[in-house]
Structures are given as C-alpha cells and as structure tokens.
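Chemist: Below is the file query.cif, which contains mmCIF, C-alpha atoms and all ligand atoms.
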data_my_file
#
loop_
_atom_site.label_atom_id
_atom_site.label_comp_id
_atom_site.auth_asym_id
_atom_site.auth_seq_id
_atom_site.Cartn_x
_atom_site.Cartn_y
_atom_site.Cartn_z
CA MET A 1000 159.96 199.26 -51.28
CA SER A 1001 159.95 195.54 -51.91
CA GLU A 1002 157.27 193.30 -50.43
CA ASN A 1003 159.73 191.71 -48.03
CA SER A 1004 161.68 194.76 -46.91
CA ILE A 1005 161.79 195.36 -43.19
CA GLU A 1006 159.80 198.54 -43.70
CA ALA A 1007 157.03 196.72 -45.54
CA ARG A 1008 156.82 194.01 -42.89
CA VAL A 1009 156.71 196.57 -40.08
CA LYS A 1010 153.96 198.53 -41.80
CA LYS A 1011 151.94 195.39 -42.38
CA ILE A 1012 152.09 194.53 -38.67
CA VAL A 1013 151.08 198.07 -37.70
CA VAL A 1014 148.13 198.06 -40.10
CA GLU A 1015 146.95 194.69 -38.82
CA HIS A 1016 147.38 195.49 -35.14
CA LEU A 1017 146.02 198.99 -35.02
CA GLY A 1018 143.42 198.59 -37.75
CA VAL A 1019 144.52 201.82 -39.46
CA GLU A 1020 144.61 202.78 -43.16
CA GLU A 1021 147.84 201.82 -44.89
CA ASP A 1022 148.55 205.34 -46.14
CA LYS A 1023 148.50 206.70 -42.58
CA VAL A 1024 151.40 204.43 -41.66
CA THR A 1025 154.26 206.68 -42.75
CA LYS A 1026 157.74 206.56 -41.29
CA ASP A 1027 157.10 209.70 -39.24
CA ALA A 1028 153.80 208.47 -37.84
CA SER A 1029 153.80 208.20 -34.05
CA PHE A 1030 152.03 205.09 -32.78
CA ILE A 1031 150.32 206.94 -29.97
CA ASP A 1032 149.82 210.46 -31.35
CA ASP A 1033 149.03 209.68 -34.98
CA LEU A 1034 147.83 206.09 -35.10
CA GLY A 1035 145.66 206.04 -31.99
CA ALA A 1036 147.60 203.36 -30.10
CA ASP A 1037 147.40 203.11 -26.31
CA SER A 1038 150.22 201.84 -24.11
CA LEU A 1039 148.94 198.28 -24.33
CA ASP A 1040 148.96 198.49 -28.14
CA THR A 1041 152.60 199.53 -28.10
CA VAL A 1042 153.46 196.49 -25.98
CA GLU A 1043 151.56 194.29 -28.40
CA LEU A 1044 153.37 195.84 -31.35
CA VAL A 1045 156.77 195.25 -29.78
CA MET A 1046 155.82 191.62 -29.12
CA ALA A 1047 154.62 191.26 -32.72
CA PHE A 1048 157.91 192.71 -34.03
CA GLU A 1049 159.85 190.31 -31.83
CA GLU A 1050 157.88 187.39 -33.21
CA GLU A 1051 158.08 188.46 -36.86
CA PHE A 1052 161.80 189.25 -36.83
CA GLY A 1053 162.98 186.70 -34.26
CA VAL A 1054 164.72 189.32 -32.14
CA GLU A 1055 164.42 190.39 -28.55
CA ILE A 1056 163.59 194.04 -27.92
CA PRO A 1057 164.59 194.96 -24.37
CA ASP A 1058 162.34 197.34 -22.42
CA ASP A 1059 164.76 200.27 -22.60
CA ALA A 1060 164.95 199.92 -26.38
CA ALA A 1061 161.20 199.51 -26.67
CA GLU A 1062 160.76 202.86 -24.91
CA THR A 1063 162.65 204.60 -27.71
CA ILE A 1064 160.46 203.13 -30.44
CA LEU A 1065 157.81 205.82 -30.78
CA THR A 1066 157.29 206.01 -34.54
CA VAL A 1067 157.09 203.59 -37.44
CA GLY A 1068 160.52 204.82 -38.55
CA ASP A 1069 161.99 204.15 -35.10
CA ALA A 1070 160.83 200.55 -35.35
CA VAL A 1071 162.21 200.12 -38.88
CA ARG A 1072 165.59 201.57 -37.91
CA PHE A 1073 165.82 199.42 -34.76
CA LEU A 1074 164.93 196.26 -36.65
CA GLU A 1075 167.27 197.04 -39.55
CA LYS A 1076 170.11 197.37 -37.07
CA SER A 1077 169.29 194.30 -35.00
CA THR A 1078 168.68 191.98 -37.94
CA ALA A 1079 171.67 193.21 -39.96
CA MET B 1058 122.15 182.57 -20.13
CA PHE B 1059 125.69 181.57 -19.21
CA SER B 1060 126.26 179.52 -22.35
CA LEU B 1061 129.91 178.71 -22.99
CA GLN B 1062 129.27 177.16 -26.40
CA GLY B 1063 132.41 177.35 -28.54
CA ARG B 1064 134.62 178.53 -25.67
CA ARG B 1065 137.89 176.75 -24.90
CA ALA B 1066 138.92 176.43 -21.26
CA LEU B 1067 142.05 175.27 -19.46
CA VAL B 1068 141.48 174.11 -15.88
CA THR B 1069 144.46 173.39 -13.64
CA GLY B 1070 144.00 171.01 -10.74
CA ALA B 1071 141.27 169.29 -12.77
CA SER B 1072 142.15 165.98 -11.11
CA GLY B 1073 141.06 167.39 -7.73
CA GLY B 1074 137.71 167.79 -6.04
CA ILE B 1075 136.95 171.38 -6.93
CA GLY B 1076 138.80 171.39 -10.26
CA SER B 1077 136.95 168.37 -11.61
CA ALA B 1078 133.64 170.00 -10.63
CA ILE B 1079 134.70 173.20 -12.42
CA ALA B 1080 135.69 171.28 -15.55
CA GLU B 1081 132.38 169.42 -15.48
CA ALA B 1082 130.34 172.62 -15.14
CA LEU B 1083 132.21 174.49 -17.90
CA HIS B 1084 131.80 171.46 -20.13
CA ALA B 1085 128.10 171.22 -19.35
CA GLN B 1086 127.68 174.83 -20.54
CA GLY B 1087 129.20 173.85 -23.87
CA ALA B 1088 132.89 174.62 -23.44
CA THR B 1089 135.74 172.46 -24.68
CA VAL B 1090 138.01 171.76 -21.71
CA ALA B 1091 141.70 170.98 -21.29
CA LEU B 1092 142.32 169.21 -18.00
CA SER B 1093 145.62 169.66 -16.19
CA GLY B 1094 147.19 168.17 -13.07
CA THR B 1095 150.06 165.84 -12.28
CA ARG B 1096 148.07 162.57 -12.09
CA GLN B 1097 147.43 161.50 -15.66
CA ASP B 1098 145.17 158.59 -14.68
CA ALA B 1099 142.93 160.85 -12.58
CA LEU B 1100 142.75 163.36 -15.45
CA GLU B 1101 141.88 160.59 -17.91
CA ALA B 1102 139.11 159.47 -15.56
CA VAL B 1103 137.59 162.97 -15.52
CA ALA B 1104 137.92 163.20 -19.31
CA GLY B 1105 136.31 159.79 -19.69
CA LYS B 1106 133.34 160.89 -17.61
CA LEU B 1107 132.83 164.06 -19.64
CA GLY B 1108 133.29 162.46 -23.07
CA GLU B 1109 133.78 164.64 -26.14
CA ARG B 1110 135.32 168.12 -26.11
CA THR B 1111 137.99 167.15 -23.55
CA HIS B 1112 141.78 167.12 -23.66
CA VAL B 1113 144.27 165.92 -21.06
CA VAL B 1114 147.36 168.13 -20.64
CA PRO B 1115 149.37 166.99 -17.60
CA ALA B 1116 151.90 169.37 -16.05
CA ASN B 1117 153.70 169.70 -12.75
CA LEU B 1118 153.19 173.31 -11.76
CA SER B 1119 156.23 173.36 -9.48
CA ASP B 1120 158.32 173.08 -12.64
CA ALA B 1121 158.59 176.50 -14.35
CA ALA B 1122 159.42 175.03 -17.76
CA ALA B 1123 156.36 172.77 -17.63
CA VAL B 1124 154.22 175.74 -16.57
CA ASP B 1125 155.48 177.86 -19.44
CA ALA B 1126 154.71 175.11 -21.94
CA LEU B 1127 151.19 174.38 -20.67
CA VAL B 1128 149.19 177.22 -22.24
CA GLY B 1129 150.77 176.48 -25.65
CA GLN B 1130 149.83 172.82 -25.30
CA ALA B 1131 146.25 173.68 -24.41
CA GLU B 1132 146.01 176.17 -27.28
CA ALA B 1133 147.39 173.59 -29.70
CA ALA B 1134 144.93 170.97 -28.51
CA MET B 1135 141.87 173.23 -28.64
CA GLY B 1136 142.81 175.74 -31.35
CA GLY B 1137 143.02 178.62 -28.85
CA LEU B 1138 142.14 179.53 -25.30
CA ASP B 1139 139.28 181.68 -24.03
CA ILE B 1140 139.05 180.73 -20.36
CA LEU B 1141 141.87 180.01 -17.91
CA VAL B 1142 140.98 178.68 -14.47
CA ASN B 1143 143.91 178.73 -12.07
CA ASN B 1144 142.59 176.21 -9.60
CA ALA B 1145 145.55 173.95 -8.75
CA GLY B 1146 146.74 174.47 -5.22
CA LEU B 1147 148.34 172.75 -2.29
CA THR B 1148 148.98 173.29 1.40
CA ARG B 1149 152.07 172.72 3.55
CA ASP B 1150 150.75 173.82 6.93
CA GLY B 1151 152.78 174.64 10.01
CA LEU B 1152 153.30 177.45 12.47
CA ALA B 1153 155.46 180.15 10.95
CA MET B 1154 158.17 179.83 13.59
CA ARG B 1155 158.76 176.24 12.49
CA MET B 1156 157.96 176.59 8.80
CA LYS B 1157 160.64 175.24 6.50
CA ASP B 1158 161.90 177.32 3.58
CA GLU B 1159 160.89 174.64 1.12
CA ASP B 1160 157.32 174.58 2.42
CA TRP B 1161 157.06 178.33 1.98
CA GLU B 1162 158.59 178.20 -1.48
CA LEU B 1163 156.60 175.27 -2.85
CA VAL B 1164 153.24 176.77 -1.84
CA ILE B 1165 154.10 180.16 -3.33
CA ARG B 1166 155.47 178.55 -6.48
CA VAL B 1167 152.48 176.31 -7.22
CA ASN B 1168 149.64 178.47 -5.89
CA LEU B 1169 150.83 181.92 -6.96
CA GLU B 1170 153.76 181.88 -9.34
CA ALA B 1171 152.30 179.23 -11.65
CA ALA B 1172 149.05 181.22 -11.77
CA PHE B 1173 151.01 184.28 -12.85
CA ARG B 1174 153.01 182.43 -15.49
CA LEU B 1175 149.91 180.79 -16.93
CA SER B 1176 148.01 184.08 -16.95
CA ARG B 1177 150.89 185.86 -18.66
CA ALA B 1178 151.05 183.20 -21.35
CA ALA B 1179 147.27 183.08 -21.82
CA LEU B 1180 146.95 186.85 -22.11
CA LYS B 1181 148.95 186.90 -25.36
CA GLY B 1182 146.29 185.03 -27.29
CA MET B 1183 143.44 186.65 -25.37
CA MET B 1184 144.73 190.12 -26.25
CA LYS B 1185 144.82 189.19 -29.92
CA GLN B 1186 141.32 187.75 -29.95
CA ARG B 1187 139.98 190.58 -27.79
CA PHE B 1188 138.30 188.14 -25.44
CA GLY B 1189 139.37 186.26 -22.37
CA ARG B 1190 138.34 185.14 -18.93
CA ILE B 1191 140.84 184.38 -16.18
CA VAL B 1192 139.45 182.99 -12.94
CA GLY B 1193 141.67 182.26 -9.96
CA ILE B 1194 140.56 179.97 -7.17
CA THR B 1195 141.78 181.73 -4.06
CA SER B 1196 140.52 181.07 -0.52
CA ILE B 1197 138.72 182.74 2.32
CA VAL B 1198 142.03 182.28 4.12
CA GLY B 1199 143.67 184.73 1.72
CA VAL B 1200 141.40 187.42 3.13
CA THR B 1201 141.01 186.42 6.79
CA GLY B 1202 144.35 184.70 7.42
CA ASN B 1203 144.60 181.43 9.32
CA ALA B 1204 147.05 180.29 11.98
CA GLY B 1205 149.34 177.61 10.59
CA GLN B 1206 148.93 178.75 6.99
CA ALA B 1207 151.23 181.76 6.54
CA ASN B 1208 152.47 180.37 3.22
CA TYR B 1209 149.03 179.40 1.93
CA ALA B 1210 147.37 182.64 3.07
CA ALA B 1211 150.13 184.66 1.41
CA SER B 1212 149.74 182.74 -1.84
CA LYS B 1213 145.97 183.20 -1.87
CA ALA B 1214 146.08 186.90 -0.91
CA GLY B 1215 148.76 187.31 -3.56
CA MET B 1216 146.45 185.84 -6.15
CA ILE B 1217 143.76 188.40 -5.31
CA GLY B 1218 146.17 191.34 -5.63
CA MET B 1219 147.66 189.97 -8.82
CA SER B 1220 144.21 189.51 -10.36
CA LYS B 1221 143.29 193.12 -9.61
CA ALA B 1222 146.47 194.37 -11.29
CA LEU B 1223 145.98 192.15 -14.35
CA ALA B 1224 142.33 193.16 -14.53
CA GLN B 1225 143.34 196.81 -14.83
CA GLU B 1226 145.96 196.10 -17.48
CA VAL B 1227 143.68 194.27 -19.90
CA ALA B 1228 140.19 195.61 -19.21
CA THR B 1229 140.02 197.46 -22.54
CA ARG B 1230 140.53 194.23 -24.45
CA GLY B 1231 137.43 192.31 -23.45
CA ILE B 1232 139.39 190.31 -20.90
CA THR B 1233 138.28 189.98 -17.29
CA VAL B 1234 140.31 188.66 -14.38
CA ASN B 1235 138.49 187.60 -11.23
CA CYS B 1236 138.76 185.28 -8.26
CA VAL B 1237 136.45 182.86 -6.51
CA ALA B 1238 137.17 182.41 -2.81
CA PRO B 1239 135.79 179.15 -1.40
CA GLY B 1240 135.21 178.66 2.30
CA PHE B 1241 135.23 175.04 3.47
CA ILE B 1242 134.42 172.70 0.59
CA GLU B 1243 134.15 168.90 0.59
CA SER B 1244 137.34 167.63 -1.12
CA ALA B 1245 140.59 165.78 -0.54
CA MET B 1246 141.90 168.97 1.06
CA THR B 1247 139.17 169.05 3.72
CA ASP B 1248 139.00 165.24 4.05
CA ALA B 1249 142.37 165.67 5.72
CA LEU B 1250 140.66 167.46 8.62
CA ASN B 1251 140.00 165.27 11.66
CA GLU B 1252 136.64 164.99 13.45
CA LYS B 1253 137.67 167.47 16.11
CA GLN B 1254 138.65 170.05 13.50
CA ARG B 1255 135.37 169.54 11.66
CA ALA B 1256 133.38 169.90 14.86
CA ALA B 1257 135.14 173.17 15.53
CA ILE B 1258 134.52 174.54 12.04
CA LEU B 1259 130.83 173.79 11.55
CA PRO B 1260 129.47 176.26 14.15
CA THR B 1261 131.36 179.07 12.38
CA ILE B 1262 129.46 178.48 9.13
CA PRO B 1263 125.94 180.00 9.10
CA ALA B 1264 124.86 177.44 6.47
CA ALA B 1265 125.99 174.74 8.96
CA ARG B 1266 127.56 172.52 6.31
CA LEU B 1267 130.58 172.35 4.05
CA GLY B 1268 130.10 173.50 0.47
CA THR B 1269 130.39 171.37 -2.65
CA GLY B 1270 132.65 171.59 -5.65
CA ALA B 1271 129.60 172.24 -7.80
CA GLU B 1272 128.83 175.35 -5.75
CA ILE B 1273 132.28 176.73 -6.54
CA ALA B 1274 131.91 175.68 -10.18
CA GLY B 1275 128.69 177.68 -10.52
CA ALA B 1276 130.55 180.85 -9.57
CA VAL B 1277 133.28 180.07 -12.10
CA VAL B 1278 130.73 179.50 -14.87
CA TYR B 1279 129.19 182.89 -14.14
CA LEU B 1280 132.54 184.72 -14.21
CA ALA B 1281 133.51 182.91 -17.43
CA SER B 1282 130.25 183.81 -19.18
CA ASP B 1283 129.50 186.66 -21.55
CA GLU B 1284 127.00 187.92 -18.98
CA ALA B 1285 129.85 188.74 -16.56
CA ALA B 1286 131.69 190.96 -19.09
CA TYR B 1287 131.44 194.00 -16.80
CA VAL B 1288 132.70 192.20 -13.69
CA THR B 1289 136.48 192.38 -13.31
CA GLY B 1290 139.06 192.51 -10.53
CA GLN B 1291 136.52 191.05 -8.13
CA THR B 1292 136.58 188.21 -5.64
CA LEU B 1293 133.37 186.24 -5.33
CA HIS B 1294 133.15 184.61 -1.89
CA VAL B 1295 131.37 181.26 -1.79
CA ASN B 1296 131.46 180.19 1.83
CA GLY B 1297 128.01 179.56 3.31
CA GLY B 1298 128.15 182.91 5.06
CA MET B 1299 131.29 182.07 7.01
CA ALA B 1300 132.78 185.47 6.31
CA MET B 1301 130.82 188.36 4.87
CA ILE B 1302 133.35 190.64 3.24
N1 LIG C 1401 138.67 172.41 -0.35
C1 LIG C 1401 138.54 173.57 0.24
O1 LIG C 1401 137.89 173.69 1.27
C2 LIG C 1401 139.18 174.79 -0.35
C3 LIG C 1401 138.94 176.00 0.26
C4 LIG C 1401 139.49 177.16 -0.26
C5 LIG C 1401 140.25 177.09 -1.41
N2 LIG C 1401 140.48 175.91 -2.00
C6 LIG C 1401 141.31 175.90 -3.21
O2 LIG C 1401 140.65 175.20 -4.23
C7 LIG C 1401 141.62 174.66 -5.13
C8 LIG C 1401 141.31 173.19 -5.40
O3 LIG C 1401 141.45 172.48 -4.20
P1 LIG C 1401 140.69 171.12 -3.88
O4 LIG C 1401 139.95 171.34 -2.63
O5 LIG C 1401 139.97 170.63 -5.06
O6 LIG C 1401 141.95 170.19 -3.51
P2 LIG C 1401 142.48 168.84 -4.16
O7 LIG C 1401 141.36 167.90 -4.36
O8 LIG C 1401 143.63 168.46 -3.30
O9 LIG C 1401 143.00 169.30 -5.59
C9 LIG C 1401 144.18 170.00 -5.77
C10 LIG C 1401 144.50 170.01 -7.26
O10 LIG C 1401 145.70 170.75 -7.46
C11 LIG C 1401 146.56 170.00 -8.26
N3 LIG C 1401 147.96 170.22 -7.90
C12 LIG C 1401 148.53 170.25 -6.67
N4 LIG C 1401 149.84 170.40 -6.76
C13 LIG C 1401 150.14 170.47 -8.08
C14 LIG C 1401 151.34 170.59 -8.82
N5 LIG C 1401 152.54 170.71 -8.24
N6 LIG C 1401 151.25 170.62 -10.18
C15 LIG C 1401 150.06 170.51 -10.80
N7 LIG C 1401 148.91 170.37 -10.16
C16 LIG C 1401 148.94 170.35 -8.81
C17 LIG C 1401 146.23 168.56 -7.98
O11 LIG C 1401 146.61 167.79 -9.11
P3 LIG C 1401 147.26 166.29 -8.94
O12 LIG C 1401 146.58 165.67 -7.77
O13 LIG C 1401 146.98 165.65 -10.24
O14 LIG C 1401 148.71 166.56 -8.69
C18 LIG C 1401 144.73 168.62 -7.79
O15 LIG C 1401 144.09 168.47 -9.03
C19 LIG C 1401 142.98 174.88 -4.48
O16 LIG C 1401 143.61 176.00 -5.07
C20 LIG C 1401 142.63 175.19 -3.04
O17 LIG C 1401 143.59 176.01 -2.43
C21 LIG C 1401 139.96 174.74 -1.49
#
The structure given in the file should be rewritten as structure tokens.
Ligand SMILES: NC(=O)c1ccc[n+]([C@@H]2O[C@H](COP(=O)([O-])OP(=O)(O)OC[C@H]3O[C@@H](n4cnc5c(N)ncnc54)[C@H](OP(=O)(O)O)[C@@H]3O)[C@@H](O)[C@H]2O)c1
Modeler:
Amino acid sequence: MSENSIEARVKKIVVEHLGVEEDKVTKDASFIDDLGADSLDTVELVMAFEEEFGVEIPDDAAETILTVGDAVRFLEKSTA
Amino acid sequence: MFSLQGRRALVTGASGGIGSAIAEALHAQGATVALSGTRQDALEAVAGKLGERTHVVPANLSDAAAVDALVGQAEAAMGGLDILVNNAGLTRDGLAMRMKDEDWELVIRVNLEAAFRLSRAALKGMMKQRFGRIVGITSIVGVTGNAGQANYAASKAGMIGMSKALAQEVATRGITVNCVAPGFIESAMTDALNEKQRAAILPTIPAARLGTGAEIAGAVVYLASDEAAYVTGQTLHVNGGMAMI
C-alpha cells in the first residue's frame, strides 16, 4: 500500500478523526461497531472524505458507507 | 469568571444598537471580534472604538452567497471561530391580511435563514475543535406573538426551535446553542416607536424602563463563557420582567 493510495488516505483520515490505533483500522472495520464512532462522527468522516478527495458524497451513498472498505471502494470508483 | 481571552467571535448586526454593545462586551472580556453588517462605515466606527483585536467583515445577509462566504472570511481573519452571535435582524411590520410576500420573505431570510446558514458553516470548524458557542438574538415577540409582526414573530420563534435542534445535534462536541430574547431595548429599532406607543408599552414592563444593549450583551457574554458549558438549547429572557416565561 503506497503512501498516497486511496486506502492509505482514507485510513489516515479515520485515525485522525476517531483517534483510534492505526492497526484497528482494517478494511472490514465498521465505523460504528468497531471504531466507536457515533452518528455525528460518521457525518464528519463523510465531510472529511469529500474535502480530501474533492468529491460529493450524496446522502443515500453515505448511508451505504459503513466500513473502512466501503469508503475505499466508493472513493476508488468516484475518483477513477 | 466569564473570561473570553483567546476566543474568536463573529457578531452579525454589529453596526446596530444591540450588536455593537455585544461586540464591545465580548471584546472587553478578551475576545477577538469580527464585526459584520451592511454599513461598512458604521462597522469601522465600532472597530475604531474598540481598537485592537477587531476585524470588519461586511455582508448583506439577504444575499445567500454573501452569507455562505461570511464564516470563512471571519475564520480567515481571526484564525478560526469559537463564538457566533446571530444578532442581525430587521422588521417589516404590517397586519397579516395586508402583508406583502416580499416583506414576509425578507424578514425570514435575514432573521432566520441567514442564522441557519451561518450556524451550519460555523459548526464545521467548531466540531473539529470540539468547542463552540452559538448565540441567537431572538425576541420576546417570538414567544408571545405581536399583532402586526407575523413575519418577525415567525422568524424569532423559528430561531428558538432551530437552536434547540442544533443544540441536540452537537451537544457531545463541547458546542452549545442558545438564544437571548430581549424585551424592549433602547436602539434604532425602538427609536422608531412614537410617543404614544412608548407610553403604552412602559406600564407593561415591571422595571418601568426600556433595557440597554449592555444588558443584552451581559447575557451573551455569560452564554459564550466556559462557565455556561452545561447550558444549551435555552432561551434567556432579558426583558425587565415584561414576560415571565
Ligand atoms: N431593540 C429591541 O427592542 C429588540 C427587541 C427584541 C429583539 N431585538 C433583536 O435584536 C437584534 C438587534 O437589533 P437592534 O435593536 O440592535 O436593531 P438595529 O440597531 O436596527 O440593528 C440591526 C442590525 O442588523 C443588521 N442588519 C439588518 N439587515 C441586515 C442585512 N440585510 N444584512 C446584514 N445585516 C443586517 C444591521 O446592519 P446594517 O445597519 O449595517 O445593515 C444592524 O447592525 C435584532 O435581531 C432584533 O430583532 C431587538
């Protein structure tokens, strides 16, 4: 995983926002169930992804982003 | 107590009677203040009186694009934003049956919608820094109603409801959202009352006088302070006893 890969950038944002250990931020990790996020955190994360990747994530898409992997896949698709 | 040292505040309507008093009081407690309004010269005059730690950021709050840019301008000028005071407001009075659409719309847009847009923009940075204070200047009229002010009363009641909703959304992040509801206060807004109207109002106020901008500002300073961290979603009535709610 290179420094600048989408996955690395997503993980960095999650670590910074949720204040969790880097090794907990696996692709399967659920923001709410595994990383201790509340609903407000998930909104903040989506806004941080939008800012970092210069994309807009509509509400119905945001609702499907439950894990780190979901976010990576969504962003890979929308920035491709 | 109530020190605002190091805090950065944006006050809308800072060119007006109450807003300039609020800016002065926040500044006196140590805050850096960004002063907004449409009249640049009046804002400069307030800034000149206060001296250091002031910035002038004019904006017409009936213009959505200007509203959306304002928080960013204040943050850029001060390096962030800790306190937002939504104080700007106007009236376009008239009996509802004869009220024009544009008078309804303008009052809602400036008094309520701009307050929402500014709050939404300010919350982004406040969420990140895990601290924020939003204070809306509503009115006794938003709670009691007042003949001839359907638009104004709706905007002020709307601000109270909106503040309660926002307060619930962000309470876990060290951000409080409250309102101050003035009764009759000496200002350009009440200077417009004629002698007959004044004579009718005074007997309804137990304190038997109009209030001052400084008396509203004191309530804002309290709500903006660290000491008020556990007060949120509230409306503090400052009205000389005119309505006890
Ligand atoms: N005075 C009272 O008895 C009383 C009672 C209850 C509530 N209030 C509330 O207190 C607040 C302050 O009122 P005040 O008594 O200090 O009245 P004021 O002296 O008339 O001040 C009103 C302020 O609002 C600003 N404003 C109005 N329209 C604006 C617009 N389109 N864009 C940007 N700024 C705008 C004005 O800025 P510019 O002049 O630079 O445009 C001015 O600084 C208002 O929200 C009012 O509803 C007042």
Chemist: Select all residues from chain A having any atom no more than 9 Å from an atom of chain B (counting all atoms listed in the file, ignoring ligands), output as a PyMOL selection string.
Modeler: chain A and resi 1016+1039+1043
Chemist: Kindly compile the residues surrounding ligand LIG 1401 (chain C) within 8 Å, counting all atoms listed in the file, and format them as an MDAnalysis selection string.
Modeler: chainID B and resid 1069:1077 1093:1097 1099:1100 1115:1120 1143:1148 1167:1168 1194:1198 1209 1213 1238:1247 1267:1268 1270
Chemist: Select, from A:Phe1073, A:Asp1037, A:Lys1011, A:Glu1021, the residue with the minimum atom-to-atom distance to A:Ile1056, counting only C-alpha atoms.
Modeler: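 Among A:Phe1073, A:Asp1037, A:Lys1011, A:Glu1021, it is A:Phe1073 that comes nearest to A:Ile1056.
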Chemist: Which neighbours of A:Asp1033 fall inside 10 Å, counting all atoms listed in the file, when residues of the same chain fewer than 4 positions from it are skipped, and could you give them as a PyMOL selection string?
Modeler: chain A and resi 1023-1025+1027-1029+1066
Chemist: One number please: atom CA of B:Gly1087 to atom CA of B:His1294, in Å, one decimal.
Modeler: 24.8 Å
Chemist: Would you kindly return, as a list in words, each protein, DNA or RNA residue with an atom no farther than 6 Å from any atom of B:Ala1091, considering all atoms listed in the file and excluding same-chain residues fewer than 6 positions away?
Modeler: Leu1067, Thr1111, His1112 and Val1113 of chain B
Chemist: Taking only C-alpha atoms into account, name the residue in A:Glu1049, A:Glu1006, A:Ala1070, A:Gly1035 that is nearest to A:Glu1020.
Modeler: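 Going through A:Glu1049, A:Glu1006, A:Ala1070, A:Gly1035 one by one, the smallest distance to A:Glu1020 is for A:Gly1035.
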Chemist: Please provide as a PyMOL selection string all residues within 12 Å of A:Arg1072, with the sequence filter that same-chain residues fewer than 6 positions apart are discarded (counting all atoms listed in the file).
Modeler: chain A and resi 1004-1006+1009+1026-1027+1060+1063-1066+1078-1079
Chemist: For a test of reading the model, state the distance in Å between atom CA of A:Phe1030 and atom CA of B:Val1234, rounded to one decimal.
Modeler: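 Answer for the atom CA of A:Phe1030 to atom CA of B:Val1234 separation: 27.3 Å.
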Chemist: Atom CA of B:Ala1133 and atom CA of B:Ala1172, how far apart in Å?
Modeler: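 Computing the Euclidean distance for atom CA of B:Ala1172 and atom CA of B:Ala1133 yields 19.6 Å.
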Chemist: May I ask which of the residues B:Leu1083, B:Ala1171, B:Val1090, B:Gly1182 is the closest one to B:Gly1215, counting all atoms listed in the file?
Modeler: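 The answer is B:Ala1171, which sits nearest to B:Gly1215.
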Chemist: Do a neighbour search on A:Val1019 at 10 Å with all atoms listed in the file, toss out local chain neighbours closer than 6 positions, and write the hits as a PyMOL selection string.
Modeler: chain A and resi 1013+1034-1036
Chemist: Within 10 Å of (150.9, 177.7, 11.3), all atoms listed in the file: residues as a PyMOL selection string?
Modeler: chain B and resi 1149-1156+1203-1209
Chemist: Determine the axis-aligned bounding box of all atoms of stretch 1015-1021 of chain A present in the file, pad each side by 6 Å, and express its centre and edge lengths in Å to one decimal place as lines of an AutoDock Vina configuration file.
Modeler:
center_x = 145.6
center_y = 198.7
center_z = -40.0
size_x = 16.4
size_y = 20.1
size_z = 21.9
Chemist: Using the structure just given, write a file holding C-alpha atoms for stretch 1245-1281 of chain B, as a PDB file, in the first residue's frame.
Modeler:
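Now in out-v7.pdb:
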ATOM      1  CA  ALA B1245     -32.698  52.291  16.357  1.00  0.00           C
ATOM      2  CA  MET B1246     -35.416  49.639  16.261  1.00  0.00           C
ATOM      3  CA  THR B1247     -37.264  51.090  19.271  1.00  0.00           C
ATOM      4  CA  ASP B1248     -36.417  54.718  18.388  1.00  0.00           C
ATOM      5  CA  ALA B1249     -38.879  54.155  15.574  1.00  0.00           C
ATOM      6  CA  LEU B1250     -41.695  53.897  18.134  1.00  0.00           C
ATOM      7  CA  ASN B1251     -43.712  57.095  18.587  1.00  0.00           C
ATOM      8  CA  GLU B1252     -44.508  58.701  21.958  1.00  0.00           C
ATOM      9  CA  LYS B1253     -47.935  57.129  22.084  1.00  0.00           C
ATOM     10  CA  GLN B1254     -46.507  53.659  21.503  1.00  0.00           C
ATOM     11  CA  ARG B1255     -43.880  54.217  24.188  1.00  0.00           C
ATOM     12  CA  ALA B1256     -46.488  55.427  26.654  1.00  0.00           C
ATOM     13  CA  ALA B1257     -48.484  52.282  26.016  1.00  0.00           C
ATOM     14  CA  ILE B1258     -45.500  49.968  26.474  1.00  0.00           C
ATOM     15  CA  LEU B1259     -43.964  51.295  29.682  1.00  0.00           C
ATOM     16  CA  PRO B1260     -46.781  50.238  32.066  1.00  0.00           C
ATOM     17  CA  THR B1261     -46.406  46.648  30.804  1.00  0.00           C
ATOM     18  CA  ILE B1262     -42.776  46.494  31.957  1.00  0.00           C
ATOM     19  CA  PRO B1263     -42.371  45.870  35.712  1.00  0.00           C
ATOM     20  CA  ALA B1264     -38.933  47.534  35.618  1.00  0.00           C
ATOM     21  CA  ALA B1265     -40.713  50.606  34.146  1.00  0.00           C
ATOM     22  CA  ARG B1266     -37.972  51.382  31.634  1.00  0.00           C
ATOM     23  CA  LEU B1267     -36.533  50.090  28.392  1.00  0.00           C
ATOM     24  CA  GLY B1268     -33.441  47.912  28.636  1.00  0.00           C
ATOM     25  CA  THR B1269     -29.992  48.719  27.293  1.00  0.00           C
ATOM     26  CA  GLY B1270     -27.800  46.979  24.768  1.00  0.00           C
ATOM     27  CA  ALA B1271     -25.285  46.328  27.525  1.00  0.00           C
ATOM     28  CA  GLU B1272     -27.913  44.363  29.445  1.00  0.00           C
ATOM     29  CA  ILE B1273     -28.391  42.071  26.453  1.00  0.00           C
ATOM     30  CA  ALA B1274     -24.630  41.860  25.962  1.00  0.00           C
ATOM     31  CA  GLY B1275     -24.149  40.622  29.532  1.00  0.00           C
ATOM     32  CA  ALA B1276     -26.393  37.652  28.819  1.00  0.00           C
ATOM     33  CA  VAL B1277     -24.457  36.886  25.631  1.00  0.00           C
ATOM     34  CA  VAL B1278     -21.124  37.021  27.470  1.00  0.00           C
ATOM     35  CA  TYR B1279     -22.432  34.515  30.001  1.00  0.00           C
ATOM     36  CA  LEU B1280     -23.689  32.080  27.347  1.00  0.00           C
ATOM     37  CA  ALA B1281     -20.401  32.416  25.430  1.00  0.00           C
TER      38      ALA B1281
END
